[in-house]
Each structure stands twice: as structure tokens, then as C-alpha cells.
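Have a look at coords.cif below; it lists mmCIF, C-alpha atoms (C1' of nucleotides).
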data_query
#
loop_
_atom_site.label_atom_id
_atom_site.label_comp_id
_atom_site.auth_asym_id
_atom_site.auth_seq_id
_atom_site.Cartn_x
_atom_site.Cartn_y
_atom_site.Cartn_z
CA MET A 1 171.01 176.35 90.41
CA PRO A 2 169.27 176.90 92.04
CA ARG A 3 169.83 179.45 93.62
CA ARG A 4 171.82 180.80 91.56
CA GLY A 5 173.03 179.16 89.02
CA LYS A 6 174.17 176.17 88.53
CA ARG A 7 175.18 173.70 89.92
CA PRO A 8 176.37 171.12 88.11
CA ARG A 9 177.11 168.29 89.87
CA ARG A 10 178.92 165.42 89.51
CA GLY A 11 178.11 162.78 87.36
CA ALA A 12 176.32 163.22 84.40
CA ALA A 13 173.93 161.64 82.34
CA GLU A 14 174.14 158.19 83.03
CA PRO A 15 172.01 157.13 85.67
CA GLU A 16 174.39 155.54 87.48
CA MET A 17 176.83 157.25 89.27
CA GLU A 18 176.74 158.42 92.42
CA ALA A 19 173.80 159.25 93.70
CA SER A 20 173.94 161.71 96.02
CA SER A 21 175.90 164.35 95.69
CA GLY A 22 176.51 167.22 96.50
CA LYS A 23 177.03 170.33 95.14
CA ARG A 24 175.42 172.23 92.97
CA VAL A 25 173.30 174.44 92.50
CA LYS A 26 172.68 177.26 92.24
CA ALA A 27 172.47 177.46 89.32
CA THR A 28 174.08 179.25 89.08
CA LYS A 29 173.17 180.33 88.38
CA THR A 30 171.14 181.27 87.53
CA GLY A 31 169.19 183.97 85.85
CA THR A 32 168.93 187.61 83.39
CA VAL A 33 166.75 190.69 82.81
CA ASN A 34 165.63 193.86 81.81
CA LYS A 35 165.13 195.30 78.98
CA PRO A 36 163.15 193.95 76.56
CA VAL A 37 161.24 192.82 79.19
CA ILE A 38 160.33 189.62 78.34
CA GLU A 39 157.68 188.33 80.24
CA ALA A 40 158.39 186.59 83.15
CA GLU A 41 157.39 183.36 81.93
CA THR A 42 156.59 182.05 85.03
CA SER A 43 155.08 178.86 85.04
CA ASP A 44 154.97 175.97 82.96
CA SER A 45 152.89 177.24 80.34
CA PRO A 46 154.10 176.52 76.97
CA LYS A 47 153.89 179.94 75.88
CA LYS A 48 156.23 181.73 73.88
CA ASP A 49 159.74 180.91 73.50
CA LEU A 50 161.86 183.37 75.25
CA THR A 51 164.82 182.56 73.25
CA THR A 52 163.05 183.59 70.21
CA ILE A 53 161.94 186.74 71.73
CA GLU A 54 165.24 187.63 72.98
CA CYS A 55 167.19 187.27 69.93
CA GLY A 56 165.13 188.46 67.29
CA ASN A 57 163.85 185.41 65.84
CA GLU A 58 166.16 182.59 65.83
CA PRO A 59 167.57 181.04 68.85
CA SER A 60 171.14 182.07 69.02
CA GLY A 61 172.52 178.69 69.82
CA TYR A 62 174.86 180.27 72.35
CA TRP A 63 174.41 180.56 76.08
CA LEU A 64 175.93 181.78 79.30
CA MET A 65 175.71 179.64 82.41
CA LYS A 66 176.65 180.85 85.86
CA SER A 67 178.23 178.78 88.57
CA GLU A 68 180.01 179.52 91.79
CA PRO A 69 183.70 178.63 91.92
CA GLU A 70 184.07 179.32 95.63
CA SER A 71 182.74 177.25 98.48
CA ARG A 72 179.43 178.29 99.95
CA LEU A 73 177.11 176.18 102.01
CA GLU A 74 173.51 175.93 101.11
CA LYS A 75 171.50 173.84 103.51
CA GLY A 76 174.75 172.39 104.67
CA VAL A 77 175.88 171.41 101.21
CA ASP A 78 178.77 173.06 99.42
CA VAL A 79 177.55 174.41 96.12
CA LYS A 80 181.02 175.20 94.79
CA PHE A 81 181.40 174.23 91.15
CA GLY A 82 183.94 176.18 89.16
CA ILE A 83 185.22 175.34 85.72
CA GLU A 84 188.08 173.40 87.25
CA ASP A 85 185.54 171.21 88.99
CA LEU A 86 183.90 170.50 85.65
CA ARG A 87 187.26 169.61 84.15
CA ALA A 88 187.84 167.15 86.93
CA GLN A 89 184.66 165.18 86.20
CA PRO A 90 184.68 161.94 84.29
CA GLN A 91 184.51 162.87 80.62
CA GLN A 92 184.78 166.47 81.83
CA THR A 93 181.02 166.33 81.83
CA ALA A 94 178.47 167.26 84.49
CA CYS A 95 174.76 167.75 84.80
CA TRP A 96 173.63 171.28 85.41
CA ASP A 97 171.23 170.71 88.23
CA GLY A 98 169.73 173.05 90.72
CA VAL A 99 168.17 175.61 88.46
CA ARG A 100 164.99 176.77 90.16
CA ASN A 101 163.89 179.75 88.15
CA TYR A 102 161.37 179.34 85.36
CA GLN A 103 163.07 181.58 82.88
CA ALA A 104 166.38 179.86 83.39
CA ARG A 105 164.69 176.49 83.18
CA ASN A 106 163.04 177.38 79.93
CA PHE A 107 166.38 178.34 78.47
CA LEU A 108 167.77 174.98 79.59
CA ARG A 109 164.91 173.32 77.74
CA ALA A 110 165.68 175.29 74.61
CA MET A 111 169.28 174.12 74.47
CA LYS A 112 170.25 171.79 71.65
CA LEU A 113 172.94 169.21 71.47
CA GLY A 114 176.27 170.70 70.51
CA GLU A 115 175.44 174.28 71.36
CA LYS A 116 178.10 176.25 73.17
CA ALA A 117 177.94 178.19 76.38
CA PHE A 118 180.21 180.48 78.32
CA PHE A 119 181.02 179.10 81.75
CA TYR A 120 180.65 182.12 84.01
CA HIS A 121 182.00 182.37 87.54
CA SER A 122 179.60 184.18 89.85
CA ASN A 123 179.41 185.19 93.47
CA CYS A 124 183.17 185.17 93.82
CA LYS A 125 186.24 187.32 94.06
CA GLU A 126 186.53 187.80 90.37
CA PRO A 127 183.32 187.25 88.50
CA GLY A 128 183.61 186.67 84.77
CA ILE A 129 183.89 184.22 81.92
CA ALA A 130 186.32 181.39 82.50
CA GLY A 131 185.75 179.00 79.64
CA LEU A 132 183.58 177.32 77.07
CA VAL A 133 181.36 174.28 77.43
CA LYS A 134 178.98 172.49 75.10
CA ILE A 135 175.64 170.85 75.58
CA VAL A 136 176.05 167.09 75.40
CA LYS A 137 172.62 166.05 76.62
CA GLU A 138 169.42 167.99 76.14
CA ALA A 139 166.99 168.76 78.94
CA TYR A 140 165.77 165.97 81.18
CA PRO A 141 164.37 165.95 84.69
CA ASP A 142 166.64 167.32 87.40
CA HIS A 143 166.76 164.51 89.96
CA THR A 144 167.69 166.84 92.81
CA GLN A 145 164.15 168.19 92.91
CA PHE A 146 163.07 164.86 94.40
CA GLU A 147 165.90 164.51 96.89
CA LYS A 148 164.95 165.65 100.34
CA ASP A 149 168.52 166.32 101.32
CA SER A 150 169.32 168.38 98.30
CA PRO A 151 169.53 172.12 98.71
CA HIS A 152 167.28 172.19 95.69
CA TYR A 153 164.63 169.80 96.84
CA ASP A 154 161.19 170.88 95.66
CA PRO A 155 158.44 169.17 97.56
CA ALA A 156 155.87 170.48 95.14
CA SER A 157 157.34 168.63 92.20
CA LYS A 158 155.98 165.20 91.35
CA LYS A 159 157.81 162.44 89.61
CA ASP A 160 155.13 162.04 87.04
CA ASN A 161 155.36 165.71 86.17
CA PRO A 162 158.76 167.12 87.08
CA LYS A 163 158.96 170.88 87.29
CA TRP A 164 162.68 171.28 86.85
CA SER A 165 165.09 170.28 84.13
CA MET A 166 168.81 170.06 83.64
CA VAL A 167 171.18 169.46 80.75
CA ASP A 168 174.63 167.90 80.66
CA VAL A 169 177.55 170.07 79.70
CA GLN A 170 181.06 169.13 78.72
CA PHE A 171 184.18 171.23 79.09
CA ILE A 172 185.53 172.49 75.77
CA ARG A 173 188.34 174.78 76.84
CA MET A 174 189.34 177.62 79.11
CA THR A 175 189.21 181.03 77.53
CA ARG A 176 192.76 182.07 76.65
CA ARG A 177 192.46 184.54 79.45
CA PHE A 178 189.83 185.08 82.12
CA ILE A 179 187.39 187.73 80.94
CA PRO A 180 186.24 189.67 83.97
CA LEU A 181 182.76 191.02 84.41
CA SER A 182 184.26 194.46 85.00
CA GLU A 183 185.73 194.47 81.54
CA LEU A 184 182.55 193.25 79.91
CA LYS A 185 180.71 195.95 81.77
CA VAL A 186 182.92 198.68 80.34
CA HIS A 187 182.13 197.44 76.85
CA HIS A 188 178.44 197.12 77.65
CA GLN A 189 178.33 200.73 78.81
CA ALA A 190 180.18 201.96 75.75
CA HIS A 191 178.02 199.88 73.45
CA LYS A 192 174.85 201.30 74.89
CA THR A 193 175.94 204.58 73.43
CA SER A 194 177.65 203.39 70.32
CA GLY A 195 175.29 200.59 69.48
CA GLY A 196 177.94 197.90 69.81
CA PRO A 197 177.43 194.17 70.20
CA LEU A 198 177.14 194.07 74.00
CA GLU A 199 174.51 196.76 74.20
CA ASN A 200 171.73 194.41 75.20
CA MET A 201 173.70 191.56 76.70
CA ALA A 202 171.53 189.63 79.13
CA LEU A 203 174.34 189.50 81.66
CA PHE A 204 173.58 193.18 82.28
CA THR A 205 170.00 193.53 81.25
CA ARG A 206 168.73 190.48 83.13
CA GLN A 207 171.26 190.38 85.83
CA ARG A 208 169.91 187.66 87.98
CA LEU A 209 169.31 184.99 85.38
CA SER A 210 171.67 182.08 85.85
CA VAL A 211 171.13 180.56 82.42
CA GLN A 212 170.80 183.02 79.59
CA PRO A 213 171.01 183.26 75.82
CA VAL A 214 173.93 184.93 74.09
CA THR A 215 173.60 186.27 70.56
CA GLN A 216 176.05 185.51 67.80
CA GLY A 217 177.30 189.10 67.94
CA GLU A 218 177.82 188.91 71.68
CA PHE A 219 179.54 185.57 71.43
CA ASP A 220 181.95 186.72 68.74
CA PHE A 221 182.73 189.97 70.50
CA VAL A 222 183.42 188.34 73.83
CA LEU A 223 185.72 185.81 72.24
CA SER A 224 187.52 188.58 70.38
CA LEU A 225 188.55 189.91 73.78
CA GLU A 226 190.52 186.77 74.49
CA ASP A 227 193.47 187.93 72.49
CA LYS A 228 193.32 191.54 73.50
CA GLU A 229 195.05 193.12 76.39
CA SER A 230 193.12 193.09 79.44
CA SER A 231 192.80 196.69 79.37
"C1'" DG B 1 144.62 189.87 89.10
"C1'" DC B 2 147.04 193.52 91.95
"C1'" DC B 3 150.63 194.44 94.66
"C1'" DA B 4 153.18 194.54 99.13
"C1'" DA B 5 156.09 191.68 101.63
"C1'" DC B 6 159.52 188.60 101.39
"C1'" DG B 7 163.41 185.84 99.72
"C1'" DT B 8 167.23 185.28 96.66
"C1'" DT B 9 170.98 186.65 93.55
"C1'" DG B 10 175.22 188.29 93.13
"C1'" DG B 11 178.27 192.47 92.57
"C1'" DC B 12 180.90 195.25 95.30
"C1'" DG C 1 178.69 192.00 105.02
"C1'" DC C 2 175.72 195.34 102.52
"C1'" DC C 3 172.27 196.09 99.69
"C1'" DA C 4 170.11 196.88 94.95
"C1'" DA C 5 167.67 194.33 91.74
"C1'" DC C 6 164.19 191.46 90.88
"C1'" DG C 7 161.51 187.02 91.11
"C1'" DT C 8 157.99 184.71 93.97
"C1'" DT C 9 154.34 184.32 97.26
"C1'" DG C 10 150.10 185.04 99.10
"C1'" DG C 11 146.40 188.18 101.02
"C1'" DC C 12 142.79 190.53 99.36
#
Whole structure, C-alpha cells version:
Amino acid sequence: MPRRGKRPRRGAAEPEMEASSGKRVKATKTGTVNKPVIEAETSDSPKKDLTTIECGNEPSGYWLMKSEPESRLEKGVDVKFGIEDLRAQPQQTACWDGVRNYQARNFLRAMKLGEKAFFYHSNCKEPGIAGLVKIVKEAYPDHTQFEKDSPHYDPASKKDNPKWSMVDVQFIRMTRRFIPLSELKVHHQAHKTSGGPLENMALFTRQRLSVQPVTQGEFDFVLSLEDKESS
DNA sequence: GCCAACGTTGGC
DNA sequence: GCCAACGTTGGC
């Protein structure tokens, strides 16, 4: 995150591993907007749960997380972290650090163990959904906010009250084919007229959010595209 | 608390 | 590399 989205980095939950690190962040990812205009939820206030707002009433339990699969330096650090990088991690697990947007952070905090997310490739040649991951550790403080050399260092955040959170995600599988943004967009446009499942997809309505909720209908529809021709 | 300026995201 | 979209900052 961070900047964008994600940024998962290397090691995951256990405290141990390497400390420093590198990549990440952006968070890819991060962020997501428009429509229903959900409030910006800026800040730490407990206020309402965006997830709830967004999906009607129950959290969907599905998410979309953006990360950059191509190298890009941020403060001298390469934030590249594509799905192949996740696969290459020990246990195919990584922490999703670097998210520095309150809405995205709040979605991270709403994630529950075992929930699934689309791993989305952003800011690259071919943006789109590359695979599926699951949440294997719920939100905990993002250590990069305290690291001066991190691209996502936040001098305003204190250890006794961390502003930013991350979760750990584990690779589940690649999608049977890459599902490009361009294709999803065609469906989104059509669904706006026809009332189909992608009509309000956050990927289009909240375009800059690096961590966003996905409804059951959206999740099922997107996965149904896996076995269809790429049009 | 408004809102203009600014910075970032991320598709193209 | 451009630039639209949009979140954040900070003066007032």
C-alpha cells in the first residue's frame, strides 16, 4: 500500500523473519469509490462499518486487493509484488503492508480469517485479476509505519497507537485464466444498463481504493468468467 | 467546517 | 508520460 495498494511483503506473520524488507506497498493498492458514496471515513473514528454499508447489510466476506506486479521504485524501494511473488514466499503467505488510506485500512480491519480475495494486478501492462488468496491472519499493526526507511513510514504514527494495519494473505490459486480489467469493464458497463451483478462493483465505482469489498454476486460472476472465452 | 491546492492512484 | 479521478492537507 500504500500508495497504492499493497504491498505485501515478504514474510508474514511471524515476527521473525526478515526485518527489513522491501517491497511493498502500495497497497496496492489500494483503494475504491463512487457511488454510493460512502463517506469517506477518514479517520480513526469507529464509526460505521463501510463494509456493511457497501453491501447491503452483511459483510460480503469477499475482497479485492490490488498490488503491482511490475517493478517501480518508491523512495528507492521496489514495490513490485505480483501474484508470482506471493507464491514464492514461504508458505505462499505474505503480509499486506503499506496501505495508507483510511477506507482501505478499515476494510483490512473488517477481514476475517478464511475470507477470500481476488489478487488484482494494478499499474501494469495488463491490469486485472490474476488469482485468489485467503486471509490467514486478521488485522494487526503494519510495522512499516514505524520504519524510517520504508516507503510507507508514517512519522505521525505512534507505537502505542498504530494508525495502520495489515493482514496476512495466502495464495490459493491462479484464476484459470487472467481476467483483464478491460473485460470486467465491458460487463460493468452492460450491467449498469441491464442491472447485472457488476453494476456497482467497487473496482469501477471507487476506482482508487486498493482494498475493497466484493459482493457474493460479483464474486460468483467474476469466477464464472474463468471458463468462458476471453471474448 | 469549507474548499482550493496539492499529491497520489492507476488506466491508457 | 499524460492526465482524470479523488483523497488529503491546511488556510481561513
* Asked: chain B residues within 12 Å of chain A, counting all atoms listed in the file: which ones, as number ranges by chain?
  -> B: 7-12
Answer key for the PyMOL selection byres ((chain A and resi 183) around 12), residues as an mmCIF file with C-alpha atoms, in the coordinates of the input:
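That gives us selection_24.cif:
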data_model
loop_
_atom_site.group_PDB
_atom_site.id
_atom_site.type_symbol
_atom_site.label_atom_id
_atom_site.label_comp_id
_atom_site.auth_asym_id
_atom_site.auth_seq_id
_atom_site.Cartn_x
_atom_site.Cartn_y
_atom_site.Cartn_z
ATOM 1 C CA GLU A 126 186.530 187.800 90.370
ATOM 2 C CA PRO A 127 183.320 187.250 88.500
ATOM 3 C CA GLY A 128 183.610 186.670 84.770
ATOM 4 C CA ILE A 129 183.890 184.220 81.920
ATOM 5 C CA PHE A 178 189.830 185.080 82.120
ATOM 6 C CA ILE A 179 187.390 187.730 80.940
ATOM 7 C CA PRO A 180 186.240 189.670 83.970
ATOM 8 C CA LEU A 181 182.760 191.020 84.410
ATOM 9 C CA SER A 182 184.260 194.460 85.000
ATOM 10 C CA LEU A 184 182.550 193.250 79.910
ATOM 11 C CA LYS A 185 180.710 195.950 81.770
ATOM 12 C CA VAL A 186 182.920 198.680 80.340
ATOM 13 C CA HIS A 187 182.130 197.440 76.850
ATOM 14 C CA HIS A 188 178.440 197.120 77.650
ATOM 15 C CA GLN A 189 178.330 200.730 78.810
ATOM 16 C CA ALA A 190 180.180 201.960 75.750
ATOM 17 C CA LEU A 198 177.140 194.070 74.000
ATOM 18 C CA VAL A 222 183.420 188.340 73.830
ATOM 19 C CA LEU A 225 188.550 189.910 73.780
ATOM 20 C CA GLU A 226 190.520 186.770 74.490
ATOM 21 C CA LYS A 228 193.320 191.540 73.500
ATOM 22 C CA GLU A 229 195.050 193.120 76.390
ATOM 23 C CA SER A 230 193.120 193.090 79.440
ATOM 24 C CA SER A 231 192.800 196.690 79.370
#
* To do: Between atom CA of A:Ala139 and atom CA of A:Asp85, measure the distance and give it in Å to one decimal.
  =>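 Atom-to-atom, atom CA of A:Ala139 to atom CA of A:Asp85, that is 21.2 Å.
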* Asked: By how many Å are atom CA of A:Glu84 and atom CA of A:Val169 apart?
  ->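 Taking atom CA of A:Glu84 and atom CA of A:Val169, their separation equals 13.4 Å.
In this structure, atom CA of A:Tyr102 sits 15.3 Å away from atom CA of A:Tyr153.
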